[in-house]
Amino acid sequence: MPERRTVALVTLGCARNEVDSEELAGRLEADGWQLVEDAADADVAVVNTCGFVEAAKKDSVDALLEANDLKNHGRTQAVVAVGCMAERYGKELAEALPEADGVLGFDDYTDISDRLQTILSGGIHASHTPRDRRKLLPISPAERQDSASSVALPGHGPADLPEGVAPASGPRAPLRRRLDGAPVASVKLASGCDRRCSFCAIPSFRGSFISRRPSDVLNESRWLAEQGVKEIMLVSENNTSYGKDLGDIRLLESLLPELAGIDGIERVRVSYLQPAEMRPGLIDVLTSTPKVAPYFDLSFQHSAPGVLRSMRRFGDTDRFLELLDTIRSKAPEAGVRSNFIVGFPGESESDLAELERFLTGARLDAIGVFGYSDEEGTEAATYENKLDEDVVAERLAHISRLAEELVSQRAEERVGESVHVLVESLDEQEGVYGRGAHQAPETDGQVLLTSGEGLAVGRMVEAKVVGTEGVDLVAEPLTGSLACSEEAGR
């Protein structure tokens with residue numbers, strides 16, 4: 001009997017890429033590939049790249065080069081690039097990086113097994129020519145669902161596939177294979193984006209916004225619960241637009257309670273929210289639904305009106321602070337995080353001061369700060385009033401220091417609060433770590449529990465915050481507490 005072909009998936013970038021990697025894993029395993037964790041143990045190393053900003057692209061290239069080195073020292077025979085950077089650059093990436101044996105776009109995902117076998121056998125699969133994926137679906141959102149079947153939409157696999165196509169778990173098994181045993185998993189709510197932010201190239205290679213059907217989201221979440229997942233994180237480029245192409249812009253408000261009612265799920269978290277699209281009803285559901293985390297990942301980007309208009313965005317400092325006041329009036333413990341760009345073309349000293357005013361008043365739990373850099377194909381790259389690189393670097397360092405101070409202060413405000421912590425790791429040397437409802441995986445800090453007695457990974461425990469370590473919290477488990485009640489995750 002011939003030895004099974006082995007493949008390793010190396011994932012970079014955001015949680016959306018992690019979902020895509022698990023779809024690729026499901027397709028490959030269904031076709032007889034053996035999945036291994038270490039690329040050095042694989043016949044083929046598949047690197048799921050990120051193409052968002054320069055730093056992410058560099059990380060992707062470094063990962064491809066590192067995997068290529070294994071061809072000289074390990075079992076690895078081929079290195080293949082997939083993901084956003086591969087989709088965005090296609091042939092250009094293949095020519096610039098001959099170390100990659102293949103560069104596959106989203107359209108190749110349904111035939112990923114055949115593509116890898118061709119490459120592994122020494123054949124050549126022509127790298128795709130990038131195209132503007134916004135043009136693949138109708139302009140009108142209402143007409144997109146009928147065209148969706150003809151467009152590659154990673155992470156949108158239906159949840160009622162025939163036996164043998166996805167992991168066996170009854171009729172609810174999705175086109176997905178989990179790549180770790182973590183108690184939290186992301187679920188794609190939608191793909192693409194209809195916004196036209198002047199600094200962002202994502203819509204051009206991810207396409208126009210299109211929602212997944214609620215039944216597919218629910219069935220995939222039920223399957224994940226069967227696999228031991230306790231927390232579901234809903235991801236997309238813009239979750240506040242969910243349902244607009246299905247005829248109901250308020251669909252998320254009705255979907256969340258259903259997700260929270262799935263047996264085994266202790267917490268549902270929503271990421272990637274647009275401030276300009278926040279609705280009173282959505283705020284109400286996020287702040288009052290049992291097992292739905294009162295968590296707001298709001299994409300502010302800046303707060304000076306002139307900079308926001310140049311970014312093709314909406315709002316200002318006072319309106320953003322009013323939004324946060326509304327949220328906290330309903331859920332004082334709500335978690336809020338955001339990202340910001342400094343050094344945007346035309347940003348003045350007074351604009352920077354306005355951003356500082358917002359950050360100081362916002363009391364955010366987590367802040368990401370990025371220095372502006374041109375992204376090819378974006379409107380902002382054509383702007384003339386660019387700031388010198390050293391000015392951008394100086395502003396980045398300044399706002400980053402301020403952000404670090406502010407999130408530490410916000411963490412200190414939580415001392416004395418009760419938090420529901422999902423236990424994620426137990427180690428005799430490192431300690432017991434988890435996350436509260438205000439903390440998303442990998443981005444927002446964590447909670448160090450002072451005792452691990454009676455705990456296990458995946459357990460939800462109520463704890464009292466007794467200290468801080470920067471953005472992280474130190475909390476003492478409350479005696480006999482196990483947050484399995486209706487209030488878990490609040």
# chains A, B, ... in the order shown; residues from 1 in each chain; ligands from 1
>>> residues_around(residues="Glu99 in chain A", least_positions_apart="6", cutoff="10 Å", atoms="only C-alpha atoms", output="list in words")
Val61, Leu64, Leu65, Glu66, Ala67, Asn68, Asp69, Ala78, Val79 and Val80 of chain A
>>> residues_around(residues="Val342 in chain A", least_positions_apart="2", cutoff="12 Å", atoms="only C-alpha atoms", output="PyMOL selection string")
chain A and resi 199+300-304+307-308+311+339-340+344-349+351-356+368-373+386-387+389+391-400
>>> closest_residue(among="A:Glu23, A:Val457, A:Tyr242, A:Ser310", to="Val229 in chain A", atoms="only C-alpha atoms")
A:Val457
>>> select_by_dssp(residues="range 37-101 of chain A", states="strand (DSSP E or B)", output="list in words")
Val44, Ala45, Val46, Val47, Asn48, Thr49, Ala78, Val79, Val80, Ala81, Val82 and Gly83 of chain A
>>> residues_around(residues="Pro257 in chain A", least_positions_apart="5", cutoff="10 Å", atoms="only C-alpha atoms", output="list in words")
Leu252, Ile262, Val268, Val285, Leu286, Thr289, Pro290, Lys291 and Val292 of chain A
>>> atom_distance(atom1="CA of Gln227 in chain A", atom2="CA of Leu24 in chain A")
18.0 Å
>>> atom_distance(atom1="CA of Val447 in chain A", atom2="CA of Lys230 in chain A")
16.9 Å
>>> select_by_dssp(residues="range 116-277 of chain A", states="alpha helix (DSSP H)", output="JSON, numbers by chain")
{"A": [116, 117, 118, 119, 120, 202, 203, 204, 205, 206, 214, 215, 216, 217, 218, 219, 220, 221, 222, 223, 224, 225, 226, 251, 252, 253, 254, 255, 256, 257, 258, 259, 260]}
>>> residues_around(residues="Glu87 in chain A", least_positions_apart="3", cutoff="8 Å", atoms="only C-alpha atoms", output="list in words")
Val82, Gly83, Cys84, Gly90, Leu104, Gly105, Phe106, His128, Pro130 and Phe205 of chain A
>>> write_last_selection(atoms="N, CA, C and O atoms", output="mmCIF file, in the first residue's frame")
data_model
loop_
_atom_site.group_PDB
_atom_site.id
_atom_site.type_symbol
_atom_site.label_atom_id
_atom_site.label_comp_id
_atom_site.auth_asym_id
_atom_site.auth_seq_id
_atom_site.Cartn_x
_atom_site.Cartn_y
_atom_site.Cartn_z
ATOM 1 N N VAL A 82 -0.814 30.102 -0.843
ATOM 2 C CA VAL A 82 -2.241 30.356 -1.047
ATOM 3 C C VAL A 82 -2.575 31.613 -0.238
ATOM 4 O O VAL A 82 -1.702 32.258 0.309
ATOM 5 N N GLY A 83 -3.833 31.976 -0.168
ATOM 6 C CA GLY A 83 -4.240 33.088 0.674
ATOM 7 C C GLY A 83 -4.240 34.432 -0.037
ATOM 8 O O GLY A 83 -4.122 34.533 -1.258
ATOM 9 N N CYS A 84 -4.358 35.488 0.766
ATOM 10 C CA CYS A 84 -4.592 36.829 0.223
ATOM 11 C C CYS A 84 -3.425 37.346 -0.614
ATOM 12 O O CYS A 84 -3.637 37.971 -1.655
ATOM 13 N N GLY A 90 -0.574 36.856 -7.525
ATOM 14 C CA GLY A 90 -0.539 35.800 -8.526
ATOM 15 C C GLY A 90 0.797 35.620 -9.206
ATOM 16 O O GLY A 90 1.822 35.327 -8.582
ATOM 17 N N LEU A 104 -1.289 29.706 -5.708
ATOM 18 C CA LEU A 104 -2.676 29.369 -6.011
ATOM 19 C C LEU A 104 -3.623 30.437 -5.489
ATOM 20 O O LEU A 104 -3.483 30.905 -4.353
ATOM 21 N N GLY A 105 -4.596 30.804 -6.308
ATOM 22 C CA GLY A 105 -5.600 31.780 -5.915
ATOM 23 C C GLY A 105 -6.832 31.109 -5.340
ATOM 24 O O GLY A 105 -6.924 29.876 -5.263
ATOM 25 N N PHE A 106 -7.808 31.906 -4.941
ATOM 26 C CA PHE A 106 -9.029 31.367 -4.344
ATOM 27 C C PHE A 106 -9.762 30.422 -5.291
ATOM 28 O O PHE A 106 -10.398 29.455 -4.850
ATOM 29 N N HIS A 128 -2.252 32.229 -11.247
ATOM 30 C CA HIS A 128 -3.373 32.971 -11.816
ATOM 31 C C HIS A 128 -3.011 34.431 -12.049
ATOM 32 O O HIS A 128 -2.079 34.986 -11.449
ATOM 33 N N PRO A 130 -4.155 38.047 -11.344
ATOM 34 C CA PRO A 130 -5.069 38.723 -10.415
ATOM 35 C C PRO A 130 -6.135 39.524 -11.151
ATOM 36 O O PRO A 130 -5.902 40.056 -12.237
ATOM 37 N N PHE A 205 -9.275 42.172 -3.624
ATOM 38 C CA PHE A 205 -8.912 40.753 -3.742
ATOM 39 C C PHE A 205 -9.786 39.825 -2.912
ATOM 40 O O PHE A 205 -9.709 38.604 -3.068
#
>>> closest_residue(among="A:Arg5, A:His156, A:Lys244, A:Arg279", to="Glu220 in chain A", atoms="only C-alpha atoms")
A:His156
>>> atom_distance(atom1="CA of Gly243 in chain A", atom2="CA of Gln145 in chain A")
10.8 Å
>>> residues_around(residues="Arg435 in chain A", least_positions_apart="6", cutoff="9 Å", atoms="only C-alpha atoms", output="PDB file with N, CA, C and O atoms, in the first residue's frame")
ATOM      1  N   VAL A 419     -15.202  38.406  36.347  1.00  0.00           N
ATOM      2  CA  VAL A 419     -15.087  38.093  34.927  1.00  0.00           C
ATOM      3  C   VAL A 419     -15.316  36.609  34.719  1.00  0.00           C
ATOM      4  O   VAL A 419     -14.980  35.790  35.575  1.00  0.00           O
ATOM      5  N   HIS A 420     -15.919  36.264  33.592  1.00  0.00           N
ATOM      6  CA  HIS A 420     -16.091  34.871  33.215  1.00  0.00           C
ATOM      7  C   HIS A 420     -14.952  34.512  32.263  1.00  0.00           C
ATOM      8  O   HIS A 420     -14.847  35.070  31.176  1.00  0.00           O
ATOM      9  N   VAL A 421     -14.111  33.607  32.708  1.00  0.00           N
ATOM     10  CA  VAL A 421     -12.872  33.294  32.009  1.00  0.00           C
ATOM     11  C   VAL A 421     -12.963  31.919  31.357  1.00  0.00           C
ATOM     12  O   VAL A 421     -13.278  30.925  32.017  1.00  0.00           O
ATOM     13  N   LEU A 422     -12.691  31.879  30.063  1.00  0.00           N
ATOM     14  CA  LEU A 422     -12.580  30.611  29.355  1.00  0.00           C
ATOM     15  C   LEU A 422     -11.141  30.137  29.480  1.00  0.00           C
ATOM     16  O   LEU A 422     -10.214  30.779  28.979  1.00  0.00           O
ATOM     17  N   VAL A 423     -10.922  29.030  30.163  1.00  0.00           N
ATOM     18  CA  VAL A 423      -9.571  28.517  30.392  1.00  0.00           C
ATOM     19  C   VAL A 423      -9.011  27.984  29.074  1.00  0.00           C
ATOM     20  O   VAL A 423      -9.633  27.151  28.414  1.00  0.00           O
ATOM     21  N   GLU A 424      -7.808  28.449  28.709  1.00  0.00           N
ATOM     22  CA  GLU A 424      -7.217  28.054  27.424  1.00  0.00           C
ATOM     23  C   GLU A 424      -5.899  27.322  27.575  1.00  0.00           C
ATOM     24  O   GLU A 424      -5.472  26.627  26.651  1.00  0.00           O
ATOM     25  N   PRO A 441      -9.302  36.376  21.179  1.00  0.00           N
ATOM     26  CA  PRO A 441      -8.071  35.594  21.089  1.00  0.00           C
ATOM     27  C   PRO A 441      -6.941  36.368  20.419  1.00  0.00           C
ATOM     28  O   PRO A 441      -7.140  37.034  19.402  1.00  0.00           O
ATOM     29  N   ASP A 444      -6.181  40.874  22.494  1.00  0.00           N
ATOM     30  CA  ASP A 444      -6.672  41.761  23.546  1.00  0.00           C
ATOM     31  C   ASP A 444      -6.158  41.443  24.946  1.00  0.00           C
ATOM     32  O   ASP A 444      -6.767  41.855  25.931  1.00  0.00           O
ATOM     33  N   GLY A 445      -5.076  40.723  25.067  1.00  0.00           N
ATOM     34  CA  GLY A 445      -4.613  40.362  26.395  1.00  0.00           C
ATOM     35  C   GLY A 445      -5.307  39.124  26.913  1.00  0.00           C
ATOM     36  O   GLY A 445      -6.141  38.508  26.235  1.00  0.00           O
ATOM     37  N   GLN A 446      -4.979  38.746  28.142  1.00  0.00           N
ATOM     38  CA  GLN A 446      -5.514  37.516  28.707  1.00  0.00           C
ATOM     39  C   GLN A 446      -5.643  37.659  30.222  1.00  0.00           C
ATOM     40  O   GLN A 446      -5.322  38.688  30.794  1.00  0.00           O
ATOM     41  N   VAL A 447      -6.121  36.582  30.852  1.00  0.00           N
ATOM     42  CA  VAL A 447      -6.301  36.561  32.298  1.00  0.00           C
ATOM     43  C   VAL A 447      -5.441  35.448  32.879  1.00  0.00           C
ATOM     44  O   VAL A 447      -5.524  34.294  32.447  1.00  0.00           O
ATOM     45  N   LEU A 448      -4.605  35.799  33.854  1.00  0.00           N
ATOM     46  CA  LEU A 448      -3.840  34.814  34.607  1.00  0.00           C
ATOM     47  C   LEU A 448      -4.628  34.465  35.857  1.00  0.00           C
ATOM     48  O   LEU A 448      -4.924  35.339  36.682  1.00  0.00           O
TER      49      LEU A 448
END
>>> closest_residue(among="A:Asn17, A:Ser121, A:Ser127, A:Thr76", to="Leu93 in chain A", atoms="only C-alpha atoms")
A:Ser127
>>> residues_around(residues="Glu469 in chain A", least_positions_apart="3", cutoff="9 Å", atoms="only C-alpha atoms", output="VMD selection string")
chain A and resid 408 411 to 412 472 to 474
>>> residues_around(residues="Leu255 in chain A", least_positions_apart="5", cutoff="10 Å", atoms="only C-alpha atoms", output="mmCIF file with N, CA and C atoms, in the first residue's frame")
data_model
loop_
_atom_site.group_PDB
_atom_site.id
_atom_site.type_symbol
_atom_site.label_atom_id
_atom_site.label_comp_id
_atom_site.auth_asym_id
_atom_site.auth_seq_id
_atom_site.Cartn_x
_atom_site.Cartn_y
_atom_site.Cartn_z
ATOM 1 N N PRO A 214 -27.893 31.906 7.260
ATOM 2 C CA PRO A 214 -27.926 31.596 8.694
ATOM 3 C C PRO A 214 -27.872 30.102 8.993
ATOM 4 N N SER A 215 -28.530 29.289 8.165
ATOM 5 C CA SER A 215 -28.533 27.846 8.419
ATOM 6 C C SER A 215 -27.127 27.257 8.352
ATOM 7 N N VAL A 217 -24.286 28.927 8.953
ATOM 8 C CA VAL A 217 -23.555 29.418 10.130
ATOM 9 C C VAL A 217 -23.947 28.613 11.363
ATOM 10 N N LEU A 218 -25.236 28.364 11.532
ATOM 11 C CA LEU A 218 -25.722 27.611 12.689
ATOM 12 C C LEU A 218 -25.243 26.163 12.657
ATOM 13 N N ARG A 250 -30.996 43.453 9.654
ATOM 14 C CA ARG A 250 -30.986 43.160 11.090
ATOM 15 C C ARG A 250 -30.876 41.665 11.370
ATOM 16 N N ALA A 260 -26.217 31.473 20.473
ATOM 17 C CA ALA A 260 -25.987 31.352 21.910
ATOM 18 C C ALA A 260 -26.762 30.188 22.517
#
>>> decode(residues="range 90-105 of chain A", atoms="N, CA, C and O atoms", output="compact mmCIF listing (two decimals), in the first residue's frame")
# COMPACT_ATOMS: atom_id res chain seq x y z
N GLY A 90 -0.57 36.86 -7.53
CA GLY A 90 -0.54 35.80 -8.53
C GLY A 90 0.80 35.62 -9.21
O GLY A 90 1.82 35.33 -8.58
N LYS A 91 0.81 35.81 -10.54
CA LYS A 91 2.02 35.60 -11.34
C LYS A 91 3.17 36.49 -10.89
O LYS A 91 4.34 36.08 -10.93
N GLU A 92 2.85 37.69 -10.45
CA GLU A 92 3.90 38.61 -9.99
C GLU A 92 4.64 38.02 -8.79
O GLU A 92 5.87 38.09 -8.71
N LEU A 93 3.91 37.42 -7.86
CA LEU A 93 4.54 36.79 -6.70
C LEU A 93 5.36 35.58 -7.14
O LEU A 93 6.48 35.36 -6.65
N ALA A 94 4.81 34.80 -8.07
CA ALA A 94 5.52 33.61 -8.55
C ALA A 94 6.85 33.99 -9.19
O ALA A 94 7.88 33.31 -9.00
N GLU A 95 6.86 35.07 -9.95
CA GLU A 95 8.09 35.51 -10.62
C GLU A 95 9.09 36.09 -9.62
O GLU A 95 10.30 35.89 -9.76
N ALA A 96 8.59 36.80 -8.62
CA ALA A 96 9.47 37.43 -7.63
C ALA A 96 9.98 36.43 -6.61
O ALA A 96 11.02 36.66 -5.98
N LEU A 97 9.27 35.31 -6.46
CA LEU A 97 9.64 34.33 -5.45
C LEU A 97 9.67 32.94 -6.07
O LEU A 97 8.78 32.11 -5.84
N PRO A 98 10.69 32.65 -6.87
CA PRO A 98 10.77 31.35 -7.53
C PRO A 98 10.91 30.19 -6.55
O PRO A 98 10.72 29.03 -6.93
N GLU A 99 11.21 30.50 -5.28
CA GLU A 99 11.31 29.43 -4.28
C GLU A 99 9.97 28.74 -4.05
O GLU A 99 9.92 27.59 -3.61
N ALA A 100 8.86 29.45 -4.34
CA ALA A 100 7.53 28.84 -4.21
C ALA A 100 7.27 27.97 -5.44
O ALA A 100 7.38 28.44 -6.58
N ASP A 101 6.91 26.73 -5.20
CA ASP A 101 6.65 25.81 -6.30
C ASP A 101 5.27 26.01 -6.92
O ASP A 101 4.99 25.48 -7.99
N GLY A 102 4.43 26.76 -6.25
CA GLY A 102 3.11 27.06 -6.79
C GLY A 102 2.52 28.25 -6.07
O GLY A 102 2.76 28.46 -4.88
N VAL A 103 1.76 29.06 -6.81
CA VAL A 103 1.02 30.19 -6.24
C VAL A 103 -0.43 30.03 -6.66
O VAL A 103 -0.77 30.18 -7.84
N LEU A 104 -1.29 29.71 -5.71
CA LEU A 104 -2.68 29.37 -6.01
C LEU A 104 -3.62 30.44 -5.49
O LEU A 104 -3.48 30.90 -4.35
N GLY A 105 -4.60 30.80 -6.31
CA GLY A 105 -5.60 31.78 -5.91
C GLY A 105 -6.83 31.11 -5.34
O GLY A 105 -6.92 29.88 -5.26
